[in-house]
>>> print(open('input.txt').read())   # compact mmCIF, C-alpha atoms
# COMPACT_ATOMS: atom_id res chain seq x y z
CA MET A 21 -3.04 -16.15 -8.26
CA LEU A 22 0.45 -15.58 -6.92
CA GLU A 23 1.60 -18.75 -5.16
CA GLY A 24 3.61 -17.13 -2.38
CA LYS A 25 1.96 -15.46 0.56
CA ALA A 26 2.56 -11.95 1.74
CA THR A 27 4.80 -11.47 4.74
CA LEU A 28 3.64 -8.65 6.99
CA GLU A 29 6.51 -6.43 8.14
CA ASP A 30 4.68 -3.64 10.00
CA THR A 31 1.18 -2.17 10.20
CA ASP A 32 -1.30 -0.22 12.26
CA MET A 33 -4.28 -1.16 10.03
CA PRO A 34 -7.26 -3.20 11.17
CA ALA A 35 -7.04 -6.84 10.04
CA LYS A 36 -9.73 -6.49 7.35
CA MET A 37 -7.89 -3.57 5.72
CA GLN A 38 -4.62 -5.52 5.86
CA LEU A 39 -6.19 -8.38 3.92
CA GLN A 40 -7.66 -5.97 1.37
CA ALA A 41 -4.28 -4.31 0.80
CA MET A 42 -2.48 -7.62 0.39
CA SER A 43 -5.23 -8.95 -1.90
CA ALA A 44 -4.97 -5.82 -4.07
CA ALA A 45 -1.22 -6.42 -4.36
CA SER A 46 -1.76 -10.06 -5.29
CA ARG A 47 -4.29 -9.11 -8.00
CA ALA A 48 -1.88 -6.47 -9.35
CA LEU A 49 0.93 -9.02 -9.52
CA ASP A 50 -1.35 -11.41 -11.40
CA ARG A 51 -2.26 -8.67 -13.86
CA PHE A 52 1.10 -6.95 -14.46
CA ASN A 53 4.70 -7.97 -15.02
CA VAL A 54 6.59 -8.06 -11.71
CA LEU A 55 9.06 -5.51 -13.11
CA ASP A 56 6.24 -3.03 -13.90
CA CYS A 57 6.18 -1.45 -10.44
CA TRP A 58 4.48 1.70 -11.77
CA SER A 59 1.39 -0.24 -12.97
CA ILE A 60 1.33 -2.38 -9.81
CA THR A 61 1.48 0.75 -7.66
CA ALA A 62 -1.27 2.51 -9.66
CA HIS A 63 -3.53 -0.54 -9.39
CA ILE A 64 -3.16 -0.79 -5.60
CA LYS A 65 -3.67 2.96 -5.11
CA LYS A 66 -6.81 3.04 -7.29
CA GLU A 67 -8.28 0.05 -5.48
CA SER A 68 -7.53 1.58 -2.07
CA ASP A 69 -9.05 4.93 -3.11
CA MET A 70 -12.16 3.16 -4.39
CA ILE A 71 -12.68 1.06 -1.25
CA HIS A 72 -11.54 3.47 1.50
CA GLY A 73 -11.87 6.93 -0.08
CA PRO A 74 -9.25 9.19 -1.71
CA GLY A 75 -5.82 10.05 -0.37
CA TRP A 76 -4.04 6.68 -0.50
CA GLN A 77 -0.38 6.37 -1.44
CA CYS A 78 1.55 3.30 -2.52
CA VAL A 79 5.24 2.52 -3.02
CA VAL A 80 6.40 -0.74 -4.61
CA GLY A 81 9.96 -1.88 -5.22
CA CYS A 82 12.81 -4.17 -4.28
CA SER A 83 14.66 -1.63 -2.18
CA PHE A 84 13.59 1.83 -1.09
CA GLY A 85 13.62 4.14 1.87
CA CYS A 86 11.05 6.70 2.86
CA TYR A 87 9.82 9.02 5.54
CA PHE A 88 6.15 9.99 5.65
CA THR A 89 3.22 10.99 7.81
CA HIS A 90 0.07 8.90 7.65
CA SER A 91 -3.42 8.85 9.08
CA LYS A 92 -3.71 6.63 12.14
CA GLY A 93 -4.83 3.10 11.26
CA SER A 94 -3.89 3.35 7.57
CA PHE A 95 -0.32 2.07 7.27
CA ILE A 96 0.90 -1.31 6.06
CA TYR A 97 4.31 -2.54 4.93
CA PHE A 98 4.59 -6.09 3.58
CA LYS A 99 6.48 -8.16 1.03
CA PHE A 100 5.66 -10.69 -1.67
CA GLU A 101 8.80 -12.58 -2.64
CA LEU A 102 11.40 -9.86 -3.45
CA LEU A 103 8.98 -6.94 -3.83
CA ARG A 104 8.15 -4.65 -0.91
CA PHE A 105 4.83 -2.83 -0.61
CA LEU A 106 4.13 0.30 1.40
CA VAL A 107 0.50 1.46 1.43
CA PHE A 108 -0.79 4.34 3.55
CA LYS A 109 -3.30 7.14 3.61
CA GLY A 110 -1.80 10.60 3.77
CA MET A 111 -2.86 13.03 6.46
CA ALA A 112 -5.19 15.87 5.59
CA ASP A 113 -3.53 19.25 5.54
CA GLU A 114 -3.90 20.94 8.88
CA GLN A 115 -5.41 24.39 8.92
CA PRO A 116 -2.90 27.08 9.93
CA LEU A 117 -3.40 28.58 13.33
CA PRO A 118 -4.58 32.20 13.39
CA CYS A 119 -1.88 34.74 14.25
>>> encode(input="input.txt", output="structure tokens")
Amino acid sequence: MLEGKATLEDTDMPAKMQLQAMSAASRALDRFNVLDCWSITAHIKKESDMIHGPGWQCVVGCSFGCYFTHSKGSFIYFKFELLRFLVFKGMADEQPLPC
């Protein structure tokens, strides 16, 4: 298990979901090389989809910027050592309004 603990930066998730997201990241870091962000990201996304249903997105890296829309109560941003983790569930497409 990774020795360091995650540092929460921002979230609107319930506490139980926060712990699940950070645990998924820890398991991914135990399983994959820290430089293999693609595999780490895929692992976290698959675990989130399996536990909470489809539609989850994950970004992992040392430095990145983003702008996104997420479902309420599904966003977390945290770090382990030098890696940053952004996990969120995308919003369902809204139906167009009739003309």
>>> atom_distance(input="input.txt", atom1="atom CA of Ser91 of chain A", atom2="atom CA of Gly110 of chain A")
5.8 Å
>>> residues_around(input="input.txt", residues="His63 of chain A", least_positions_apart="5", cutoff="12 Å", atoms="only C-alpha atoms", output="ChimeraX atom specification")
/A:41,43-52,56-58,68-70,76-80,107
>>> atom_distance(input="input.txt", atom1="atom CA of Phe84 of chain A", atom2="atom CA of Val54 of chain A")
16.1 Å
>>> atom_distance(input="input.txt", atom1="atom CA of Thr27 of chain A", atom2="atom CA of Tyr97 of chain A")
8.9 Å
>>> decode(input="input.txt", residues="segment 83-112 of chain A", atoms="N, CA, C and O atoms", output="mmCIF file, in the first residue's frame")
data_model
loop_
_atom_site.group_PDB
_atom_site.id
_atom_site.type_symbol
_atom_site.label_atom_id
_atom_site.label_comp_id
_atom_site.auth_asym_id
_atom_site.auth_seq_id
_atom_site.Cartn_x
_atom_site.Cartn_y
_atom_site.Cartn_z
ATOM 1 N N SER A 83 0.626 17.922 -13.507
ATOM 2 C CA SER A 83 0.205 19.296 -13.744
ATOM 3 C C SER A 83 -0.778 19.307 -14.911
ATOM 4 O O SER A 83 -0.447 18.848 -16.002
ATOM 5 N N PHE A 84 -1.977 19.769 -14.672
ATOM 6 C CA PHE A 84 -2.954 19.869 -15.738
ATOM 7 C C PHE A 84 -3.992 20.912 -15.370
ATOM 8 O O PHE A 84 -4.158 21.273 -14.219
ATOM 9 N N GLY A 85 -4.676 21.388 -16.359
ATOM 10 C CA GLY A 85 -5.787 22.299 -16.165
ATOM 11 C C GLY A 85 -7.004 21.731 -16.868
ATOM 12 O O GLY A 85 -6.874 20.951 -17.803
ATOM 13 N N CYS A 86 -8.164 22.092 -16.404
ATOM 14 C CA CYS A 86 -9.364 21.580 -17.059
ATOM 15 C C CYS A 86 -10.564 22.452 -16.708
ATOM 16 O O CYS A 86 -10.535 23.224 -15.758
ATOM 17 N N TYR A 87 -11.589 22.262 -17.498
ATOM 18 C CA TYR A 87 -12.862 22.920 -17.282
ATOM 19 C C TYR A 87 -13.908 21.887 -17.652
ATOM 20 O O TYR A 87 -13.848 21.309 -18.733
ATOM 21 N N PHE A 88 -14.844 21.606 -16.768
ATOM 22 C CA PHE A 88 -15.802 20.539 -17.017
ATOM 23 C C PHE A 88 -17.092 20.787 -16.257
ATOM 24 O O PHE A 88 -17.149 21.603 -15.351
ATOM 25 N N THR A 89 -18.117 20.064 -16.649
ATOM 26 C CA THR A 89 -19.397 20.086 -15.956
ATOM 27 C C THR A 89 -19.605 18.707 -15.364
ATOM 28 O O THR A 89 -19.357 17.702 -16.036
ATOM 29 N N HIS A 90 -20.032 18.659 -14.108
ATOM 30 C CA HIS A 90 -20.199 17.365 -13.449
ATOM 31 C C HIS A 90 -21.553 17.276 -12.758
ATOM 32 O O HIS A 90 -22.180 18.294 -12.475
ATOM 33 N N SER A 91 -21.960 16.056 -12.501
ATOM 34 C CA SER A 91 -23.186 15.829 -11.737
ATOM 35 C C SER A 91 -22.951 16.227 -10.290
ATOM 36 O O SER A 91 -21.881 15.962 -9.731
ATOM 37 N N LYS A 92 -23.935 16.859 -9.682
ATOM 38 C CA LYS A 92 -23.819 17.311 -8.297
ATOM 39 C C LYS A 92 -23.499 16.127 -7.383
ATOM 40 O O LYS A 92 -24.085 15.057 -7.503
ATOM 41 N N GLY A 93 -22.524 16.325 -6.494
ATOM 42 C CA GLY A 93 -22.141 15.297 -5.532
ATOM 43 C C GLY A 93 -21.207 14.241 -6.089
ATOM 44 O O GLY A 93 -21.062 13.176 -5.499
ATOM 45 N N SER A 94 -20.530 14.541 -7.220
ATOM 46 C CA SER A 94 -19.690 13.511 -7.839
ATOM 47 C C SER A 94 -18.284 13.992 -8.193
ATOM 48 O O SER A 94 -17.592 13.386 -8.998
ATOM 49 N N PHE A 95 -17.824 15.042 -7.573
ATOM 50 C CA PHE A 95 -16.531 15.635 -7.932
ATOM 51 C C PHE A 95 -15.551 15.520 -6.771
ATOM 52 O O PHE A 95 -15.893 15.799 -5.619
ATOM 53 N N ILE A 96 -14.324 15.100 -7.096
ATOM 54 C CA ILE A 96 -13.256 15.103 -6.095
ATOM 55 C C ILE A 96 -11.930 15.416 -6.787
ATOM 56 O O ILE A 96 -11.671 14.958 -7.897
ATOM 57 N N TYR A 97 -11.121 16.219 -6.120
ATOM 58 C CA TYR A 97 -9.782 16.557 -6.586
ATOM 59 C C TYR A 97 -8.854 16.386 -5.405
ATOM 60 O O TYR A 97 -9.056 17.007 -4.351
ATOM 61 N N PHE A 98 -7.861 15.494 -5.543
ATOM 62 C CA PHE A 98 -6.943 15.226 -4.436
ATOM 63 C C PHE A 98 -5.562 14.906 -4.983
ATOM 64 O O PHE A 98 -5.380 14.774 -6.193
ATOM 65 N N LYS A 99 -4.587 14.815 -4.096
ATOM 66 C CA LYS A 99 -3.232 14.484 -4.530
ATOM 67 C C LYS A 99 -2.639 13.405 -3.641
ATOM 68 O O LYS A 99 -2.977 13.282 -2.461
ATOM 69 N N PHE A 100 -1.804 12.598 -4.249
ATOM 70 C CA PHE A 100 -0.926 11.633 -3.582
ATOM 71 C C PHE A 100 0.463 12.043 -3.999
ATOM 72 O O PHE A 100 0.785 11.996 -5.196
ATOM 73 N N GLU A 101 1.285 12.474 -3.053
ATOM 74 C CA GLU A 101 2.644 12.884 -3.377
ATOM 75 C C GLU A 101 2.610 13.949 -4.484
ATOM 76 O O GLU A 101 1.963 14.955 -4.327
ATOM 77 N N LEU A 102 3.233 13.686 -5.645
ATOM 78 C CA LEU A 102 3.275 14.668 -6.726
ATOM 79 C C LEU A 102 2.138 14.527 -7.728
ATOM 80 O O LEU A 102 1.924 15.409 -8.553
ATOM 81 N N LEU A 103 1.415 13.404 -7.700
ATOM 82 C CA LEU A 103 0.327 13.193 -8.650
ATOM 83 C C LEU A 103 -0.972 13.826 -8.169
ATOM 84 O O LEU A 103 -1.300 13.767 -6.984
ATOM 85 N N ARG A 104 -1.697 14.408 -9.103
ATOM 86 C CA ARG A 104 -3.019 14.983 -8.838
ATOM 87 C C ARG A 104 -4.075 14.086 -9.478
ATOM 88 O O ARG A 104 -3.858 13.520 -10.554
ATOM 89 N N PHE A 105 -5.223 13.980 -8.819
ATOM 90 C CA PHE A 105 -6.312 13.123 -9.271
ATOM 91 C C PHE A 105 -7.605 13.927 -9.320
ATOM 92 O O PHE A 105 -7.985 14.552 -8.333
ATOM 93 N N LEU A 106 -8.246 13.898 -10.462
ATOM 94 C CA LEU A 106 -9.545 14.530 -10.637
ATOM 95 C C LEU A 106 -10.508 13.430 -11.071
ATOM 96 O O LEU A 106 -10.280 12.775 -12.094
ATOM 97 N N VAL A 107 -11.542 13.193 -10.277
ATOM 98 C CA VAL A 107 -12.523 12.157 -10.576
ATOM 99 C C VAL A 107 -13.899 12.811 -10.488
ATOM 100 O O VAL A 107 -14.194 13.508 -9.513
ATOM 101 N N PHE A 108 -14.728 12.588 -11.520
ATOM 102 C CA PHE A 108 -16.066 13.177 -11.523
ATOM 103 C C PHE A 108 -16.972 12.393 -12.450
ATOM 104 O O PHE A 108 -16.510 11.676 -13.340
ATOM 105 N N LYS A 109 -18.255 12.524 -12.228
ATOM 106 C CA LYS A 109 -19.236 11.909 -13.108
ATOM 107 C C LYS A 109 -19.782 12.996 -14.016
ATOM 108 O O LYS A 109 -20.233 14.041 -13.544
ATOM 109 N N GLY A 110 -19.730 12.748 -15.312
ATOM 110 C CA GLY A 110 -20.244 13.697 -16.277
ATOM 111 C C GLY A 110 -21.749 13.837 -16.173
ATOM 112 O O GLY A 110 -22.431 12.961 -15.672
ATOM 113 N N MET A 111 -22.241 14.953 -16.641
ATOM 114 C CA MET A 111 -23.689 15.181 -16.630
ATOM 115 C C MET A 111 -24.305 14.503 -17.829
ATOM 116 O O MET A 111 -23.725 14.461 -18.911
ATOM 117 N N ALA A 112 -25.529 13.996 -17.639
ATOM 118 C CA ALA A 112 -26.265 13.421 -18.754
ATOM 119 C C ALA A 112 -26.623 14.526 -19.733
ATOM 120 O O ALA A 112 -26.864 15.665 -19.330
#
